[in-house]
Each structure stands twice: as C-alpha cells, then as structure tokens.
>>> print(open('input16.csv').read())   # CSV, C-alpha atoms
chain,number,residue,atom,x,y,z
A,1,MET,CA,0.0,0.0,0.0
A,2,LYS,CA,2.9,2.3,0.8
A,3,GLN,CA,4.1,1.8,-2.7
A,4,VAL,CA,0.9,3.3,-4.1
A,5,ILE,CA,0.4,6.1,-1.6
A,6,ILE,CA,3.9,7.6,-2.0
A,7,PRO,CA,3.8,8.0,-5.8
A,8,VAL,CA,0.2,9.4,-5.6
A,9,MET,CA,1.2,11.9,-2.9
A,10,ALA,CA,4.3,12.9,-4.9
A,11,PHE,CA,2.2,13.4,-8.0
A,12,LEU,CA,-0.3,15.5,-6.1
A,13,LEU,CA,2.4,17.7,-4.5
A,14,LEU,CA,4.3,18.2,-7.7
A,15,GLY,CA,1.2,18.5,-9.9
A,16,CYS,CA,-0.2,21.4,-7.8
A,17,GLY,CA,1.4,24.6,-9.0
A,18,ASP,CA,0.0,27.9,-10.0
A,19,GLU,CA,-3.6,28.6,-9.7
A,20,PRO,CA,-5.5,27.9,-13.0
A,21,LEU,CA,-6.4,31.1,-14.8
A,22,PRO,CA,-9.5,31.3,-17.1
A,23,LYS,CA,-8.6,31.9,-20.7
A,24,PRO,CA,-9.6,35.3,-22.1
A,25,LYS,CA,-12.5,35.3,-24.6
A,26,ALA,CA,-11.2,35.0,-28.2
A,27,ALA,CA,-12.5,37.3,-30.9
A,28,LEU,CA,-12.5,36.5,-34.6
A,29,ARG,CA,-10.1,38.9,-36.3
A,30,LEU,CA,-11.2,39.7,-39.8
A,31,GLU,CA,-9.1,42.0,-41.9
A,32,TYR,CA,-10.4,43.4,-45.1
A,33,PRO,CA,-8.4,45.2,-47.8
A,34,THR,CA,-8.3,49.0,-47.8
A,35,PRO,CA,-11.2,49.9,-50.2
A,36,GLU,CA,-10.4,51.1,-53.7
A,37,TYR,CA,-13.2,52.6,-55.6
A,38,SER,CA,-14.0,52.9,-59.3
A,39,LEU,CA,-16.7,54.8,-61.1
A,40,VAL,CA,-19.8,52.9,-62.2
A,41,ASN,CA,-21.3,54.7,-65.2
A,42,LEU,CA,-24.0,52.4,-66.6
A,43,ASP,CA,-26.9,53.3,-68.9
A,44,ILE,CA,-29.0,54.4,-65.9
A,45,PRO,CA,-30.0,57.9,-64.6
A,46,PHE,CA,-27.1,58.1,-62.1
A,47,SER,CA,-23.5,57.2,-61.6
A,48,PHE,CA,-21.7,56.1,-58.4
A,49,GLU,CA,-18.5,54.6,-57.2
A,50,LYS,CA,-18.2,51.1,-55.9
A,51,ASN,CA,-15.5,49.2,-54.0
A,52,ASN,CA,-13.4,47.0,-56.3
A,53,LEU,CA,-13.8,44.2,-53.8
A,54,ALA,CA,-17.4,43.9,-55.0
A,55,ALA,CA,-18.1,41.7,-58.1
A,56,PRO,CA,-18.6,43.5,-61.4
A,57,ILE,CA,-22.2,44.5,-62.0
A,58,THR,CA,-23.4,42.2,-64.7
A,59,LYS,CA,-27.2,42.7,-64.6
A,60,ILE,CA,-29.5,45.6,-64.3
A,61,LYS,CA,-33.1,44.7,-63.6
A,62,ILE,CA,-35.7,47.0,-65.2
A,63,ASP,CA,-39.3,46.8,-64.1
A,64,LYS,CA,-41.1,48.8,-66.9
A,65,ALA,CA,-44.5,48.5,-65.2
A,66,ASN,CA,-43.3,50.4,-62.1
A,67,ASN,CA,-40.5,52.3,-63.9
A,68,ASP,CA,-38.0,50.8,-61.4
A,69,ILE,CA,-34.3,50.0,-62.0
A,70,GLY,CA,-32.6,47.5,-59.7
A,71,ILE,CA,-28.9,46.9,-59.3
A,72,ASP,CA,-27.2,44.4,-57.0
A,73,ILE,CA,-23.7,45.1,-55.7
A,74,ASN,CA,-22.4,41.6,-54.7
A,75,TYR,CA,-19.6,41.1,-52.2
A,76,PRO,CA,-18.9,37.3,-52.5
A,77,ALA,CA,-15.9,37.4,-50.0
A,78,LEU,CA,-18.2,39.0,-47.4
A,79,LYS,CA,-21.3,37.1,-48.3
A,80,GLY,CA,-23.4,40.2,-48.6
A,81,THR,CA,-25.2,42.3,-51.2
A,82,ILE,CA,-26.2,46.0,-51.4
A,83,TYR,CA,-29.5,46.2,-53.3
A,84,LEU,CA,-30.2,49.5,-55.0
A,85,THR,CA,-33.5,50.5,-56.4
A,86,TYR,CA,-34.0,53.7,-58.5
A,87,ARG,CA,-37.3,55.3,-59.1
A,88,ASN,CA,-38.4,58.5,-61.0
A,89,VAL,CA,-40.0,61.2,-58.9
A,90,ASP,CA,-43.2,62.2,-60.5
A,91,GLY,CA,-45.4,63.8,-57.9
A,92,ASN,CA,-44.9,60.7,-55.7
A,93,LEU,CA,-42.0,61.9,-53.5
A,94,ASN,CA,-44.0,61.5,-50.2
A,95,ARG,CA,-45.0,58.0,-51.1
A,96,LEU,CA,-41.4,57.1,-52.0
A,97,LEU,CA,-40.1,58.5,-48.7
A,98,LYS,CA,-42.7,56.7,-46.7
A,99,ASP,CA,-41.9,53.4,-48.5
A,100,ALA,CA,-38.2,53.8,-47.8
A,101,GLN,CA,-38.8,54.6,-44.2
A,102,ASN,CA,-41.2,51.6,-43.8
A,103,ILE,CA,-38.6,49.2,-45.2
A,104,THR,CA,-36.3,50.2,-42.4
A,105,GLN,CA,-39.0,50.1,-39.7
A,106,LYS,CA,-39.9,46.5,-40.7
A,107,HIS,CA,-36.6,45.5,-39.1
A,108,ALA,CA,-37.5,47.2,-35.8
A,109,SER,CA,-38.9,44.1,-34.2
A,110,LYS,CA,-35.5,42.3,-34.5
A,111,ALA,CA,-33.3,45.4,-34.1
A,112,ASP,CA,-31.7,46.5,-30.8
A,113,GLU,CA,-31.7,50.0,-32.2
A,114,ILE,CA,-32.0,52.0,-35.4
A,115,SER,CA,-29.9,55.1,-35.7
A,116,GLU,CA,-30.5,57.7,-38.3
A,117,GLN,CA,-28.0,60.0,-40.0
A,118,VAL,CA,-29.2,62.8,-42.3
A,119,PHE,CA,-27.3,63.1,-45.5
A,120,ASP,CA,-27.0,66.3,-47.4
A,121,ASN,CA,-24.7,67.0,-50.3
A,122,ALA,CA,-25.8,70.3,-51.8
A,123,SER,CA,-23.1,70.4,-54.5
A,124,ALA,CA,-24.4,67.1,-56.0
A,125,ASN,CA,-28.0,67.9,-55.2
A,126,THR,CA,-28.4,64.6,-53.2
A,127,HIS,CA,-30.3,64.6,-49.9
A,128,GLY,CA,-31.4,61.6,-47.9
A,129,MET,CA,-31.0,59.5,-44.8
A,130,PHE,CA,-28.7,56.6,-43.7
A,131,TYR,CA,-30.1,54.1,-41.2
A,132,GLU,CA,-27.9,51.8,-39.2
A,133,VAL,CA,-29.8,48.8,-37.7
A,134,GLY,CA,-28.2,47.2,-34.7
A,135,GLY,CA,-28.9,43.7,-33.5
A,136,ASN,CA,-30.0,40.5,-35.3
A,137,ALA,CA,-32.1,42.3,-38.0
A,138,ALA,CA,-32.0,41.0,-41.6
A,139,SER,CA,-30.5,44.2,-42.9
A,140,GLN,CA,-27.8,46.2,-41.0
A,141,SER,CA,-27.8,49.3,-43.2
A,142,GLN,CA,-30.5,51.1,-45.3
A,143,PHE,CA,-30.5,54.5,-47.1
A,144,TYR,CA,-32.3,56.7,-49.5
A,145,LEU,CA,-31.2,59.6,-51.7
A,146,THR,CA,-33.2,62.1,-53.7
A,147,ASP,CA,-32.9,65.4,-55.5
A,148,SER,CA,-36.6,65.9,-54.5
A,149,THR,CA,-37.7,66.6,-58.1
A,150,HIS,CA,-36.6,63.8,-60.5
A,151,HIS,CA,-34.6,61.1,-58.9
A,152,PHE,CA,-35.0,58.7,-55.9
A,153,LEU,CA,-32.6,55.9,-54.9
A,154,ASN,CA,-32.8,53.6,-52.0
A,155,GLY,CA,-30.5,50.8,-50.9
A,156,SER,CA,-30.4,48.0,-48.4
A,157,LEU,CA,-27.6,45.7,-47.2
A,158,TYR,CA,-28.3,42.0,-46.7
A,159,PHE,CA,-26.1,39.1,-45.9
A,160,TYR,CA,-26.5,35.5,-47.2
A,161,ALA,CA,-26.6,34.1,-43.7
A,162,LYS,CA,-29.0,34.0,-40.8
A,163,PRO,CA,-28.6,37.3,-39.0
A,164,ASN,CA,-26.2,37.0,-36.0
A,165,PHE,CA,-25.0,40.5,-35.4
A,166,ASP,CA,-21.8,39.4,-33.5
A,167,SER,CA,-20.7,37.2,-36.4
A,168,ILE,CA,-21.4,39.7,-39.2
A,169,TYR,CA,-20.4,42.8,-37.3
A,170,PRO,CA,-16.9,43.3,-39.0
A,171,ALA,CA,-18.4,42.8,-42.5
A,172,ALA,CA,-21.4,45.1,-41.6
A,173,VAL,CA,-19.1,47.9,-40.6
A,174,TYR,CA,-16.9,47.5,-43.7
A,175,LEU,CA,-20.0,47.6,-46.0
A,176,LYS,CA,-21.5,50.5,-44.0
A,177,ASN,CA,-18.5,52.5,-45.0
A,178,ASP,CA,-18.9,51.4,-48.6
A,179,ILE,CA,-22.6,52.5,-48.6
A,180,LYS,CA,-21.6,55.9,-47.2
A,181,HIS,CA,-19.0,56.3,-50.0
A,182,LEU,CA,-21.6,55.3,-52.5
A,183,MET,CA,-24.0,57.9,-51.2
A,184,GLU,CA,-21.3,60.6,-51.3
A,185,SER,CA,-20.4,59.7,-54.9
A,186,VAL,CA,-23.9,59.6,-56.5
A,187,LYS,CA,-24.3,62.0,-59.4
A,188,TRP,CA,-27.6,62.4,-61.1
A,189,LYS,CA,-27.7,62.4,-64.9
>>> encode(input="input16.csv", output="structure tokens")
Amino acid sequence: MKQVIIPVMAFLLLGCGDEPLPKPKAALRLEYPTPEYSLVNLDIPFSFEKNNLAAPITKIKIDKANNDIGIDINYPALKGTIYLTYRNVDGNLNRLLKDAQNITQKHASKADEISEQVFDNASANTHGMFYEVGGNAASQSQFYLTDSTHHFLNGSLYFYAKPNFDSIYPAAVYLKNDIKHLMESVKWK
C-alpha cells in the first residue's frame, strides 16, 4: 500500500502549481483590404463609385411597369449584397419617402436600435437618410437619396446568412463605409 500512496502523494504535490487562470475570450479577427473605388457609369439615370472588392455589376433589372431600376452590388468574399432601387420622382416623393422609411421600420422588431443620419450634399443635389440597424435584423444598413424633383434611390444591405450580429459585425461595418462612400459619390444624370 505504501508503494501506491507515496507515488500518488508525490504526484499531487508536484502537480499542484500555479492557480489555474481562465482563458480570455477570443474574438475572430477579420481583416479586409483597404477599399479602392471605381466609377460605375451604366446606362441608368445616375453614376456612383463602388468598391473594387465587389463583383462586377453584370445585370440591371428594369421593371417597366413600375419604372424601377434594380442593381445588386455583390460582395462574394463578405457574403453580402447591397441592393439598389432607382425610381423616378413624378409627384410621388412623399410615397417614395414613406416606403423607404417603412422598409427600415420592418426591421424594428429584431433590431436592438435604429440610428438615423441625415445626408446632405448640396453640391451634388443629393439629400437623404442613412439608417444603421443594430442587432439581429435581416439588414444592417439602409439608405435613400433624392434630388426631390426627378430622382429617388434607396438601398439595403443584406447578408447571405441567418442574422447574427456578433458574427457579421466586421463585415457590416466594412460595408456600411462602402454605402456611405456610394452615397457621397452619386451623381444624377
């Protein structure tokens, strides 16, 4: 019995050392390239700059019945898309503004918060609103731009995954900055 007790006691005495410390929480570190922008000048009523990280725009959707133009800016590496919809203003500005605001408010049930930032670029005659949606909402960023007389553009950011704000946060911030650059670069034709 002594032969078993002595090695066990020695193991316990030698095995006990420093107090165990909990490991710090790890965070996923995602690094994205510094954005480089290029002009997108398609056969549509406005031009804008997009990040070169986005895939080339290959398709423009035209709904002749509603006079809408749809453009998708896909980011395969980030698994997200910025959806743009252009509409002519023809005495319907109040309805267009209400529709754009309602799109954002549909995310309120899942959002922790929705912050609004007024956008005003008098030199380009673009005015609008940028919405940042916090929490597990389907869309983290929404915006609209208009010149109030002829042009109306709204956009939404969606990811190809179930919304989990903690997981998509780095990509959402990166694309939020792209949306703001897009808004600043819009020029009506």
>>> atom_distance(input="input16.csv", atom1="CA of Ser123 (chain A)", atom2="CA of Leu39 (chain A)")
18.1 Å
>>> atom_distance(input="input16.csv", atom1="CA of Asn102 (chain A)", atom2="CA of Pro56 (chain A)")
29.8 Å
>>> atom_distance(input="input16.csv", atom1="CA of Tyr174 (chain A)", atom2="CA of Pro33 (chain A)")
9.7 Å
>>> residues_near_point(input="input16.csv", point="(-27.5, 52.9, -65.1)", cutoff="10 Å", atoms="all atoms listed in the file", output="list in words")
Val40, Asn41, Leu42, Asp43, Ile44, Pro45, Phe46, Ser47, Phe48, Ile60, Ile69, Gly70, Ile71, Tyr86 and Lys189 of chain A
>>> residues_around(input="input16.csv", residues="region 81-83 of chain A", least_positions_apart="6", cutoff="12 Å", atoms="all atoms listed in the file", output="JSON, numbers by chain")
{"A": [50, 51, 53, 54, 55, 57, 60, 61, 69, 70, 71, 72, 73, 74, 75, 138, 139, 140, 141, 142, 143, 144, 153, 154, 155, 156, 157, 158, 159, 160, 161, 171, 172, 175, 176, 177, 178, 179, 180, 182]}
>>> closest_residue(input="input16.csv", among="A:Ile62, A:His181, A:Tyr169, A:Val133", to="Gln105 (chain A)", atoms="all atoms listed in the file")
A:Val133
>>> closest_residue(input="input16.csv", among="A:Met129, A:Ala137, A:Ala124, A:Met183", to="Lys162 (chain A)", atoms="all atoms listed in the file")
A:Ala137
>>> closest_residue(input="input16.csv", among="A:Asn94, A:Asn52, A:Asn88, A:Thr149", to="Asn66 (chain A)", atoms="all atoms listed in the file")
A:Asn88
